[in-house]
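So this one's upload-v3.txt, compact mmCIF, C-alpha atoms:
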```txt
# COMPACT_ATOMS: atom_id res chain seq x y z
CA MET A 528 19.82 -24.80 24.26
CA LYS A 529 18.49 -26.01 27.61
CA LEU A 530 19.81 -27.88 30.63
CA MET A 531 17.21 -30.02 32.35
CA ILE A 532 17.79 -31.06 35.95
CA ALA A 533 15.40 -33.86 36.89
CA ILE A 534 15.31 -35.29 40.42
CA VAL A 535 13.77 -38.77 40.35
CA ASN A 536 13.22 -41.38 43.07
CA ASN A 537 15.78 -44.20 42.93
CA ASP A 538 12.97 -46.73 42.40
CA ASP A 539 12.21 -45.12 39.03
CA SER A 540 15.66 -43.96 37.93
CA ALA A 541 16.71 -47.00 35.88
CA VAL A 542 13.58 -47.05 33.73
CA VAL A 543 13.66 -43.24 33.30
CA ALA A 544 17.32 -43.36 32.20
CA SER A 545 16.60 -46.22 29.82
CA ALA A 546 13.61 -44.46 28.24
CA LEU A 547 15.55 -41.20 27.82
CA THR A 548 18.57 -42.85 26.21
CA LYS A 549 16.28 -44.89 23.94
CA GLU A 550 15.01 -41.55 22.60
CA ASN A 551 18.61 -40.34 22.06
CA PHE A 552 18.89 -38.02 25.06
CA VAL A 553 22.38 -37.83 26.55
CA VAL A 554 21.98 -38.28 30.31
CA THR A 555 24.36 -37.77 33.22
CA LYS A 556 23.24 -39.42 36.47
CA LEU A 557 24.16 -38.19 39.95
CA SER A 558 23.31 -40.04 43.16
CA THR A 559 21.61 -37.61 45.54
CA THR A 560 19.72 -37.72 48.84
CA GLY A 561 16.57 -35.80 49.64
CA GLY A 562 16.70 -33.50 52.64
CA PHE A 563 13.28 -34.31 54.11
CA LEU A 564 13.10 -38.11 54.20
CA MET A 565 16.82 -38.72 53.62
CA VAL A 566 16.05 -41.32 50.93
CA GLY A 567 17.97 -41.88 47.73
CA ASN A 568 17.24 -40.03 44.53
CA THR A 569 18.89 -39.80 41.16
CA THR A 570 19.48 -36.38 39.67
CA PHE A 571 19.69 -36.35 35.89
CA LEU A 572 21.51 -33.64 33.97
CA ILE A 573 20.27 -33.54 30.38
CA GLY A 574 21.45 -31.07 27.77
CA MET A 575 19.11 -30.60 24.80
CA GLU A 576 17.87 -28.30 22.09
CA ASP A 577 14.88 -26.14 23.03
CA ASN A 578 12.47 -28.15 20.90
CA LYS A 579 13.24 -31.40 22.81
CA VAL A 580 12.18 -30.17 26.28
CA GLU A 581 8.55 -31.29 26.08
CA ALA A 582 9.54 -34.78 24.85
CA ALA A 583 11.95 -35.23 27.78
CA LYS A 584 9.35 -33.99 30.29
CA LYS A 585 6.79 -36.42 28.88
CA ILE A 586 9.19 -39.37 29.27
CA ILE A 587 10.10 -38.40 32.83
CA SER A 588 6.48 -37.95 33.90
CA GLN A 589 5.46 -41.23 32.24
CA TYR A 590 8.00 -43.30 34.19
CA SER A 591 8.19 -41.42 37.53
CA HIS A 592 5.54 -42.67 39.94
CA THR A 593 4.45 -41.49 43.36
CA ARG A 594 4.09 -43.95 46.21
CA THR A 595 3.36 -43.90 49.94
CA HIS A 596 6.21 -44.15 52.43
CA GLN A 597 6.15 -44.27 56.23
CA ALA A 598 8.26 -41.57 57.85
CA ALA A 599 9.05 -40.86 61.48
CA THR A 600 7.62 -37.63 62.79
CA THR A 601 9.85 -34.97 64.31
CA GLU A 602 7.31 -33.92 66.94
CA SER A 603 8.55 -36.54 69.42
CA PHE A 604 12.29 -35.87 69.01
CA GLY A 605 13.80 -35.17 72.41
CA ARG A 606 10.51 -35.76 74.25
CA GLY A 607 10.08 -39.50 74.08
CA PHE A 608 7.53 -41.32 71.99
CA ALA A 609 3.84 -40.46 72.24
CA GLU A 610 1.13 -42.83 71.05
CA GLY A 611 0.90 -42.67 67.25
CA ALA A 612 3.91 -40.37 66.92
CA LEU A 613 6.28 -43.01 65.54
CA ALA A 614 5.35 -42.77 61.87
CA HIS A 615 2.96 -41.34 59.37
CA ASP A 616 2.38 -41.82 55.66
CA VAL A 617 3.89 -39.36 53.19
CA THR A 618 3.80 -39.33 49.40
CA VAL A 619 7.20 -39.77 47.76
CA GLY A 620 8.43 -40.28 44.25
CA GLY A 621 7.40 -38.57 41.09
CA ALA A 622 9.91 -36.13 39.69
CA THR A 623 10.99 -32.54 40.17
CA VAL A 624 12.20 -30.95 36.94
CA PHE A 625 14.06 -27.69 36.38
CA VAL A 626 14.71 -26.33 32.88
CA LEU A 627 17.48 -23.74 32.57
CA GLY A 628 18.61 -21.72 29.59
CA VAL A 629 22.18 -22.43 28.47
CA GLU A 630 24.10 -19.59 26.90
CA GLU A 631 26.97 -21.72 25.67
CA MET A 632 27.93 -25.41 25.57
CA GLU A 633 31.14 -26.96 24.36
CA LYS A 634 31.95 -30.64 24.14
CA TYR A 635 35.55 -31.82 23.88
```
I need this file expressed as structure tokens, please.
Amino acid sequence: MKLMIAIVNNDDSAVVASALTKENFVVTKLSTTGGFLMVGNTTFLIGMEDNKVEAAKKIISQYSHTRTHQAATTESFGRGFAEGALAHDVTVGGATVFVLGVEEMEKY
């Protein structure tokens, strides 16, 4: 048995959750915030049999998209604003997926 932890951008979370549940995955959603850009994410906890991991990863990758976001730079913090130091483009979105082995699971 496996536990998948998938961190998905909030913009994609509804469609990812819908696609997973449509394929009979049981999904728990947690609202989380990324540490770098401080933007909202959804962290999914998904328990599954070992042979279902690739199907879940395929769904998540199909519906999790990257996009460009403007972020303030930290180089001007405490020193005032220099020309061009207010923002720069960074790539956000997509998904980060962890797959962990589960020794035991009980459902009551």
Item to check | Coordinates-based distance that separates atom CA of Ala622 of chain A from atom CA of Ile587 of chain A (Å, one decimal) | outcome: 7.2 Å
Checklist entry - Any idea what the distance is between atom CA of Thr570 of chain A and atom CA of Ile532 of chain A? => result 6.7 Å
Next on the checklist: Show me, as a VMD selection string, the residues that have an atom within 8 Å of Asp539 of chain A when counting only C-alpha atoms, minus same-chain residues fewer than 5 positions from it.
Outcome noted: chain A and resid 590 to 592
Which residues, protein or nucleic acid, reach to within 10 Å of (18.7, -28.0, 30.1) in the file's coordinates when using all atoms listed in the file, and can you give that as a PDB file with C-alpha atoms, in the coordinates of the input?
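Okay, this is what ended up in point-v9.pdb:
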```pdb
ATOM      1  CA  MET A 528      19.820 -24.800  24.260  1.00  0.00           C
ATOM      2  CA  LYS A 529      18.490 -26.010  27.610  1.00  0.00           C
ATOM      3  CA  LEU A 530      19.810 -27.880  30.630  1.00  0.00           C
ATOM      4  CA  MET A 531      17.210 -30.020  32.350  1.00  0.00           C
ATOM      5  CA  ILE A 532      17.790 -31.060  35.950  1.00  0.00           C
ATOM      6  CA  ALA A 533      15.400 -33.860  36.890  1.00  0.00           C
ATOM      7  CA  LEU A 572      21.510 -33.640  33.970  1.00  0.00           C
ATOM      8  CA  ILE A 573      20.270 -33.540  30.380  1.00  0.00           C
ATOM      9  CA  GLY A 574      21.450 -31.070  27.770  1.00  0.00           C
ATOM     10  CA  MET A 575      19.110 -30.600  24.800  1.00  0.00           C
ATOM     11  CA  GLU A 576      17.870 -28.300  22.090  1.00  0.00           C
ATOM     12  CA  ASP A 577      14.880 -26.140  23.030  1.00  0.00           C
ATOM     13  CA  LYS A 579      13.240 -31.400  22.810  1.00  0.00           C
ATOM     14  CA  VAL A 580      12.180 -30.170  26.280  1.00  0.00           C
ATOM     15  CA  VAL A 624      12.200 -30.950  36.940  1.00  0.00           C
ATOM     16  CA  PHE A 625      14.060 -27.690  36.380  1.00  0.00           C
ATOM     17  CA  VAL A 626      14.710 -26.330  32.880  1.00  0.00           C
ATOM     18  CA  LEU A 627      17.480 -23.740  32.570  1.00  0.00           C
ATOM     19  CA  GLY A 628      18.610 -21.720  29.590  1.00  0.00           C
ATOM     20  CA  VAL A 629      22.180 -22.430  28.470  1.00  0.00           C
TER      21      VAL A 629
END
```
Item to check | One-decimal distance in Å that lies between atom CA of Lys585 of chain A and atom CA of Thr623 of chain A | outcome: 12.7 Å
Checklist outcome for this item: Among A:Ala583, A:Glu630, A:Gln589, A:Asp538, Val553 of chain A is approached most closely, using only C-alpha atoms, by A:Ala583
Checklist entry - Looking at A:Ala582, A:Ala546, A:Val617, A:Ala541, which one is nearest to Thr595 of chain A, with distances taken over all atoms listed in the file? => result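 For Thr595 of chain A, the nearest of the given residues is A:Val617.
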Item to check | Using all atoms listed in the file: which of A:Thr569, A:Ser558, A:Asn578, A:Lys549 has the shortest distance to Val535 of chain A | outcome: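 Checking each of A:Thr569, A:Ser558, A:Asn578, A:Lys549 against Val535 of chain A, counting all atoms listed in the file, the winner is A:Thr569.
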Checklist entry - Using only C-alpha atoms, which residues sit within 7 Å of Phe571 of chain A once same-chain residues fewer than 3 positions away are excluded, as a PyMOL selection string? => result chain A and resi 532-534+554-557
Next on the checklist: Using all atoms listed in the file - which residues lie no farther than 7 Å from the point (14.8, -39.5, 45.9) in the file's frame? Write them as a list in words.
Outcome noted: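 Taken together, the residues in range are Ile534, Val535, Asn536, Asn537, Thr560, Gly561, Val566, Gly567, Asn568, Thr569 and Gly620 of chain A.
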If you keep C-alpha atoms, can you produce a file of those selected residues as a short mmCIF file (atom, residue, chain, number, x, y, z; two decimals), in the frame of the given file?
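Everything below was put into result-v4.cif:
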```
data_model
loop_
_atom_site.label_atom_id
_atom_site.label_comp_id
_atom_site.auth_asym_id
_atom_site.auth_seq_id
_atom_site.Cartn_x
_atom_site.Cartn_y
_atom_site.Cartn_z
CA ILE A 534 15.31 -35.29 40.42
CA VAL A 535 13.77 -38.77 40.35
CA ASN A 536 13.22 -41.38 43.07
CA ASN A 537 15.78 -44.20 42.93
CA THR A 560 19.72 -37.72 48.84
CA GLY A 561 16.57 -35.80 49.64
CA VAL A 566 16.05 -41.32 50.93
CA GLY A 567 17.97 -41.88 47.73
CA ASN A 568 17.24 -40.03 44.53
CA THR A 569 18.89 -39.80 41.16
CA GLY A 620 8.43 -40.28 44.25
#
```
Any chance you could work out the axis-aligned box around segment 622-635 of chain A, listed atoms only, 4 Å on each side, giving centre and edge lengths in Å to one decimal, as JSON?
```
{"center_x": 22.7, "center_y": -27.9, "center_z": 32.0, "size_x": 33.6, "size_y": 24.5, "size_z": 24.3}
```
